[in-house]
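Student: Sharing start_38.cif here; it has mmCIF, C-alpha atoms and all ligand atoms.
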data_protein
#
loop_
_atom_site.label_atom_id
_atom_site.label_comp_id
_atom_site.auth_asym_id
_atom_site.auth_seq_id
_atom_site.Cartn_x
_atom_site.Cartn_y
_atom_site.Cartn_z
CA MET A 10 204.60 190.39 140.08
CA ASN A 11 204.84 190.63 143.84
CA LEU A 12 208.39 191.63 144.38
CA LYS A 13 208.20 192.12 148.08
CA TYR A 14 207.26 188.63 149.15
CA HIS A 15 208.82 186.18 146.84
CA LYS A 16 208.59 182.70 148.33
CA ILE A 17 209.82 179.25 147.42
CA PRO A 18 207.07 176.94 146.23
CA LYS A 19 206.69 173.83 148.37
CA GLU A 20 207.64 171.48 145.57
CA ILE A 21 209.84 171.92 142.52
CA HIS A 22 209.29 168.98 140.23
CA THR A 23 211.28 169.51 137.07
CA GLU A 24 214.57 171.08 136.09
CA GLU A 25 212.69 173.47 133.80
CA GLU A 26 210.63 174.61 136.77
CA LEU A 27 213.83 175.05 138.77
CA ASP A 28 215.50 177.06 136.01
CA GLU A 29 212.46 179.30 135.64
CA LEU A 30 212.37 179.97 139.37
CA ILE A 31 216.08 180.74 139.49
CA ALA A 32 215.69 183.15 136.57
CA PHE A 33 212.63 184.78 138.15
CA ASN A 34 214.37 185.05 141.50
CA ASN A 35 217.38 186.72 139.89
CA GLU A 36 215.07 189.12 138.08
CA VAL A 37 213.34 190.00 141.36
CA ARG A 38 216.65 190.51 143.12
CA GLU A 39 217.92 192.74 140.35
CA HIS A 40 214.72 194.78 140.25
CA ASN A 41 214.71 195.24 144.01
CA ASN A 42 218.34 196.27 144.00
CA ASN A 43 217.60 198.85 141.33
CA VAL A 44 214.72 200.28 143.35
CA ARG A 45 216.89 200.42 146.46
CA GLN A 46 219.61 202.20 144.56
CA TYR A 47 217.08 204.63 143.14
CA TYR A 48 215.81 205.57 146.60
CA ALA A 49 219.29 205.70 148.02
CA GLY A 50 220.13 208.12 145.20
CA ILE A 51 217.18 210.38 146.02
CA ARG A 52 218.17 210.41 149.68
CA ARG A 53 221.75 211.29 148.77
CA GLN A 54 220.53 214.11 146.56
CA LEU A 55 218.29 215.47 149.30
CA LEU A 56 221.19 215.47 151.71
CA GLU A 57 223.39 217.27 149.22
CA LEU A 58 220.73 219.88 148.55
CA ALA A 59 220.23 220.42 152.30
CA LYS A 60 223.96 220.66 152.81
CA GLU A 61 224.28 223.14 150.00
CA ALA A 62 221.34 225.30 151.05
CA TYR A 63 221.61 225.12 154.86
CA GLY A 64 225.04 223.70 155.63
CA GLU A 65 226.10 220.46 157.31
CA LYS A 66 225.52 221.82 160.81
CA SER A 67 222.01 222.97 160.11
CA ASN A 68 218.97 221.36 161.71
CA MET A 69 217.57 220.68 158.26
CA TYR A 70 220.58 218.58 157.30
CA LYS A 71 220.56 216.71 160.63
CA TYR A 72 216.84 216.20 160.29
CA ILE A 73 217.19 214.51 156.91
CA THR A 74 220.11 212.31 158.00
CA LYS A 75 217.84 210.80 160.67
CA TYR A 76 215.39 209.58 158.07
CA ARG A 77 215.60 206.29 156.28
CA VAL A 78 213.56 205.43 153.21
CA HIS A 79 210.65 203.33 154.39
CA ASN A 80 209.52 201.64 151.26
CA TYR A 81 212.68 199.92 150.22
CA PRO A 82 211.65 196.68 148.57
CA THR A 83 212.80 193.69 150.60
CA PRO A 84 215.55 191.93 148.74
CA THR A 85 214.46 188.43 147.88
CA MET A 86 215.06 186.09 150.79
CA VAL A 87 215.46 183.18 148.44
CA THR A 88 218.83 182.13 147.11
CA THR A 89 219.62 179.88 144.17
CA ASP A 90 220.86 177.35 146.73
CA ASP A 91 217.48 177.44 148.48
CA LEU A 92 215.74 176.70 145.19
CA GLN A 93 218.13 173.89 144.35
CA ARG A 94 217.72 172.44 147.82
CA ARG A 95 213.94 172.52 147.47
CA TYR A 96 214.21 170.82 144.07
CA LYS A 97 216.41 168.10 145.58
CA GLN A 98 213.98 167.69 148.48
CA THR A 99 211.14 167.18 146.03
CA GLN A 100 213.17 164.57 144.14
CA ASP A 101 214.20 162.81 147.36
CA GLU A 102 210.61 162.76 148.55
CA LYS A 103 209.46 161.31 145.24
CA MET A 104 212.16 158.64 145.38
CA LYS A 105 211.24 157.81 148.97
CA GLN A 106 207.65 157.27 147.92
CA GLU A 107 208.69 155.12 144.98
CA ARG A 108 210.86 152.99 147.24
CA ALA A 109 208.00 152.61 149.72
CA ILE A 110 205.77 151.40 146.90
CA GLU A 111 208.43 148.95 145.74
CA ARG A 112 208.85 147.69 149.31
CA ALA A 113 205.11 147.22 149.67
CA GLU A 114 204.96 145.38 146.34
CA ARG A 115 207.85 143.14 147.33
CA HIS A 116 206.20 142.44 150.66
CA GLU A 117 202.96 141.58 148.90
CA GLU A 118 204.76 139.24 146.50
CA ILE A 119 206.60 137.44 149.32
CA THR A 120 203.37 137.09 151.29
CA LYS A 121 201.69 135.63 148.22
CA GLN A 122 204.50 133.09 147.82
CA ALA A 123 204.34 132.26 151.54
CA ILE A 124 200.60 131.64 151.31
CA GLU A 125 201.14 129.38 148.31
CA TYR A 126 203.81 127.53 150.30
CA CYS A 127 201.44 127.15 153.27
CA ILE A 128 198.65 125.84 151.05
CA SER A 129 200.87 123.35 149.25
CA HIS A 130 202.24 122.07 152.58
CA ASN A 131 198.90 122.00 154.38
CA LEU A 132 199.91 124.61 156.95
CA LYS A 133 197.60 126.86 158.92
CA TRP A 134 198.00 130.47 157.88
CA THR A 135 196.55 133.96 157.83
CA PRO A 136 197.93 136.74 155.63
CA SER A 137 199.93 138.03 158.60
CA THR A 138 201.26 134.65 159.80
CA ALA A 139 201.91 132.95 156.45
CA TYR A 140 205.50 134.16 156.16
CA ASP A 141 206.52 132.87 159.61
CA ALA A 142 204.56 129.66 159.15
CA ALA A 143 206.29 128.98 155.83
CA ASN A 144 209.71 129.79 157.29
CA ASN A 145 209.25 127.58 160.34
CA HIS A 146 208.09 124.68 158.24
CA TYR A 147 210.91 125.13 155.74
CA LEU A 148 213.50 125.29 158.53
CA ASP A 149 212.10 122.21 160.29
CA THR A 150 212.15 120.29 157.01
CA GLU A 151 215.72 121.28 156.21
CA ILE A 152 216.93 120.40 159.70
CA ALA A 153 215.15 117.06 159.56
CA SER A 154 216.66 116.29 156.16
CA ARG A 155 220.15 116.77 157.55
CA GLU A 156 219.67 114.68 160.64
CA GLY A 157 222.36 112.05 161.14
CA LYS A 158 224.67 113.60 158.57
CA GLU A 159 228.21 114.52 159.42
CA VAL A 160 228.83 118.26 159.56
CA TYR A 161 232.24 119.88 159.48
CA LEU A 162 232.78 122.35 162.32
CA LYS A 163 235.01 125.09 161.13
CA HIS A 164 235.16 127.20 164.31
CA ALA A 165 232.78 125.64 166.80
CA CYS A 166 235.21 123.05 168.16
CA ASP A 167 238.73 121.72 167.51
CA CYS A 168 237.38 118.24 166.90
CA GLY A 169 235.76 119.70 163.79
CA LYS A 170 232.92 117.21 163.56
CA TRP A 171 229.27 117.12 164.51
CA ILE A 172 226.56 114.62 163.65
CA ALA A 173 223.57 116.82 162.88
CA GLY A 174 220.79 116.34 165.37
CA GLU A 175 223.08 115.24 168.20
CA ARG A 176 223.38 117.52 171.18
CA ARG A 177 227.16 117.67 171.23
CA CYS A 178 230.10 117.68 168.85
CA SER A 179 231.98 114.43 168.30
CA CYS A 180 234.45 115.01 171.18
CA GLY A 181 231.62 116.07 173.48
CA ASN A 182 233.10 119.41 174.44
CA ARG A 183 230.57 121.73 172.88
CA ARG A 184 226.83 121.77 172.53
CA ILE A 185 225.97 122.44 168.92
CA TYR A 186 222.77 123.55 167.24
CA TRP A 187 221.72 124.89 163.87
CA ASN A 188 221.61 128.61 163.33
CA THR A 189 220.33 130.53 160.31
CA SER A 190 221.80 133.43 158.39
CA MET A 191 219.88 136.70 158.57
CA ASP A 192 218.32 136.33 155.13
CA TYR A 193 217.24 132.73 155.63
CA ASP A 194 213.70 132.05 154.45
CA PHE A 195 211.37 129.54 152.87
CA ARG A 196 212.30 130.55 149.32
CA GLY A 197 215.70 128.93 149.76
CA LYS A 198 217.48 132.13 150.66
CA GLY A 199 220.30 132.12 153.17
CA TYR A 200 221.88 129.10 154.83
CA LEU A 201 222.07 127.00 157.97
CA TYR A 202 225.26 126.75 159.97
CA PRO A 203 226.28 124.89 163.12
CA THR A 204 226.90 127.08 166.18
CA PRO A 205 228.17 126.19 169.63
CA ASP A 206 226.16 127.17 172.67
ZN ZN B 301 234.35 118.82 169.79
#
Please express the file's structure as structure tokens.
Ligand SMILES: [Zn+2]
Tutor:
Amino acid sequence: MNLKYHKIPKEIHTEEELDELIAFNNEVREHNNNVRQYYAGIRRQLLELAKEAYGEKSNMYKYITKYRVHNYPTPTMVTTDDLQRRYKQTQDEKMKQERAIERAERHEEITKQAIEYCISHNLKWTPSTAYDAANNHYLDTEIASREGKEVYLKHACDCGKWIAGERRCSCGNRRIYWNTSMDYDFRGKGYLYPTPD
């Protein structure tokens, strides 16, 4: 067991691993402390002997006081907190990777649906353009299907009325057009709403 250089492993995957490392780290710390105390004791004894034999003002005593023990073991630099942090980092990293995989899978699934949409509507597509092509077509179709219908304007204008497809609201004060919510897409997500210019 290398007690002098006890390092944190890069990844700590399981709680068992974490517990083992914490226990090992505590063991190392305790051992190193014992060794330090042992050397400190020897040094103290030497000083006492020198004091007794030669006196506190003697060169011998002064000589020994100048010396430190060189081979003290380094106390472990790792704390339980460090180990727990590293464990959490490993978990976070794992979760990040899982989420990235899920995102990629979701993206793949949506692209697949978009391609199916493009094929069934006779649209031009490539794997990278299918999503936009499907969305544009879906939006155009929805807008066209609403043309000529009366739309209630909640905030856009006091007159409160717009005939979809016309440039202005019924009183003529505001130009109105369709806008889409952020999540709007070809799968029927999101919604259209009238917005003033
Ligand atoms: Zn109006």
Student: Quick one: contact table of chain A to ligand ZN 301 (chain B), 10 Å max, nearest atom pair and distance in Å to one decimal per residue, counting all atoms listed in the file, chain and number order, as CSV?
Tutor:
residue,atom,partner,partner_atom,distance
A:Leu162,CA,B:ZN301,ZN,8.4
A:Ala165,CA,B:ZN301,ZN,7.6
A:Cys166,CA,B:ZN301,ZN,4.6
A:Asp167,CA,B:ZN301,ZN,5.7
A:Cys168,CA,B:ZN301,ZN,4.2
A:Gly169,CA,B:ZN301,ZN,6.2
A:Lys170,CA,B:ZN301,ZN,6.6
A:Trp171,CA,B:ZN301,ZN,7.5
A:Arg177,CA,B:ZN301,ZN,7.4
A:Cys178,CA,B:ZN301,ZN,4.5
A:Ser179,CA,B:ZN301,ZN,5.2
A:Cys180,CA,B:ZN301,ZN,4.1
A:Gly181,CA,B:ZN301,ZN,5.4
A:Asn182,CA,B:ZN301,ZN,4.9
A:Arg183,CA,B:ZN301,ZN,5.7
A:Arg184,CA,B:ZN301,ZN,8.5
A:Ile185,CA,B:ZN301,ZN,9.2
A:Pro205,CA,B:ZN301,ZN,9.6
Student: Counting all atoms listed in the file, what is within 6 Å of range 26-36 of chain A, bar same-chain residues fewer than 3 positions away, as an NGL selection string?
Tutor: :A and (23 or 39 or 89)
Student: Please measure the separation of CA of Lys75 in chain A and CA of Asn41 in chain A, giving the value in Å to one decimal.
Tutor: 23.0 Å
Student: For range 19-21 of chain A, work out the shell of residues within 10 Å, counting only C-alpha atoms and skipping chain neighbours fewer than 5 positions away, then give it as a list in words.
Tutor: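 My reading of the contact set: Glu26, Leu27, Leu30, Leu92, Gln93, Arg94, Arg95, Tyr96, Lys97, Gln98, Thr99, Gln100 and Glu102 of chain A.
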Student: Pick from A:Asp194, A:Glu175, A:Asp206, A:Asp90: nearest to Asp149 in chain A, with only C-alpha atoms counted?
Tutor: A:Asp194
Student: Given the choices A:Arg52, A:Arg77, A:Trp187, A:Arg108, which gets closest to Glu151 in chain A if the distance is worked out from all atoms listed in the file?
Tutor: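 Smallest distance to Glu151 in chain A is found for A:Trp187.
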Student: What lies within 8 Å of Pro84 in chain A using only C-alpha atoms, ignoring chain neighbours under 4 positions off, as number ranges by chain?
Tutor: A: 13, 37-38, 41-42
Student: Which protein, DNA or RNA residues are at most 12 Å from (221.7, 116.5, 157.3) in the file's coordinates when you count only C-alpha atoms, listed as a ChimeraX atom specification?
Tutor: /A:149-161,171-175,187,201-203
Student: With C-alpha atoms retained, could you export that selection as a PDB file, keeping the file's coordinate frame?
Tutor:
ATOM      1  CA  ASP A 149     212.100 122.210 160.290  1.00  0.00           C
ATOM      2  CA  THR A 150     212.150 120.290 157.010  1.00  0.00           C
ATOM      3  CA  GLU A 151     215.720 121.280 156.210  1.00  0.00           C
ATOM      4  CA  ILE A 152     216.930 120.400 159.700  1.00  0.00           C
ATOM      5  CA  ALA A 153     215.150 117.060 159.560  1.00  0.00           C
ATOM      6  CA  SER A 154     216.660 116.290 156.160  1.00  0.00           C
ATOM      7  CA  ARG A 155     220.150 116.770 157.550  1.00  0.00           C
ATOM      8  CA  GLU A 156     219.670 114.680 160.640  1.00  0.00           C
ATOM      9  CA  GLY A 157     222.360 112.050 161.140  1.00  0.00           C
ATOM     10  CA  LYS A 158     224.670 113.600 158.570  1.00  0.00           C
ATOM     11  CA  GLU A 159     228.210 114.520 159.420  1.00  0.00           C
ATOM     12  CA  VAL A 160     228.830 118.260 159.560  1.00  0.00           C
ATOM     13  CA  TYR A 161     232.240 119.880 159.480  1.00  0.00           C
ATOM     14  CA  TRP A 171     229.270 117.120 164.510  1.00  0.00           C
ATOM     15  CA  ILE A 172     226.560 114.620 163.650  1.00  0.00           C
ATOM     16  CA  ALA A 173     223.570 116.820 162.880  1.00  0.00           C
ATOM     17  CA  GLY A 174     220.790 116.340 165.370  1.00  0.00           C
ATOM     18  CA  GLU A 175     223.080 115.240 168.200  1.00  0.00           C
ATOM     19  CA  TRP A 187     221.720 124.890 163.870  1.00  0.00           C
ATOM     20  CA  LEU A 201     222.070 127.000 157.970  1.00  0.00           C
ATOM     21  CA  TYR A 202     225.260 126.750 159.970  1.00  0.00           C
ATOM     22  CA  PRO A 203     226.280 124.890 163.120  1.00  0.00           C
TER      23      PRO A 203
END
Student: Between A:Leu148, A:Val78, A:Leu58, A:Ala113, single out the one closest to Val44 in chain A, counting only C-alpha atoms.
Tutor: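 Of A:Leu148, A:Val78, A:Leu58, A:Ala113, the one nearest Val44 in chain A is A:Val78, counting only C-alpha atoms.
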Student: For CA of Thr74 in chain A and CA of Arg45 in chain A, determine how far apart the two atoms are, in Å to one decimal place.
Tutor: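 Going from CA of Thr74 in chain A over to CA of Arg45 in chain A, I get 16.9 Å.
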Student: So, with all atoms listed in the file as the atoms that count, which of A:Ile124, A:Met69, A:Ala49, A:Leu56 lies closest to Pro136 in chain A?
Tutor: A:Ile124
Student: Could you work out how far CA of His79 in chain A lies from CA of Arg53 in chain A, giving the answer in Å with one decimal?
Tutor: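 Distance between the two atoms: 14.8 Å.
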Student: Which is closest to Tyr147 in chain A among A:Arg115, A:Lys198, A:Lys71, A:Lys16, if we use only C-alpha atoms?
Tutor: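 Closest residue, counting only C-alpha atoms: A:Lys198.
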Student: Could you work out an axis-aligned box for range 126-129 of chain A, taking every atom the file lists and adding 3 Å on each side, and report centre and edge lengths in Å to one decimal, as AutoDock Vina command-line options?
Tutor:
--center_x 201.2 --center_y 125.4 --center_z 151.3 --size_x 11.2 --size_y 10.2 --size_z 10.0
Student: Which of these residues is nearest to Gly197 in chain A, using all atoms listed in the file: A:Ala123, A:Glu107, A:Glu25, A:Tyr70?
Tutor: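 Among A:Ala123, A:Glu107, A:Glu25, A:Tyr70, it is A:Ala123 that comes nearest to Gly197 in chain A.
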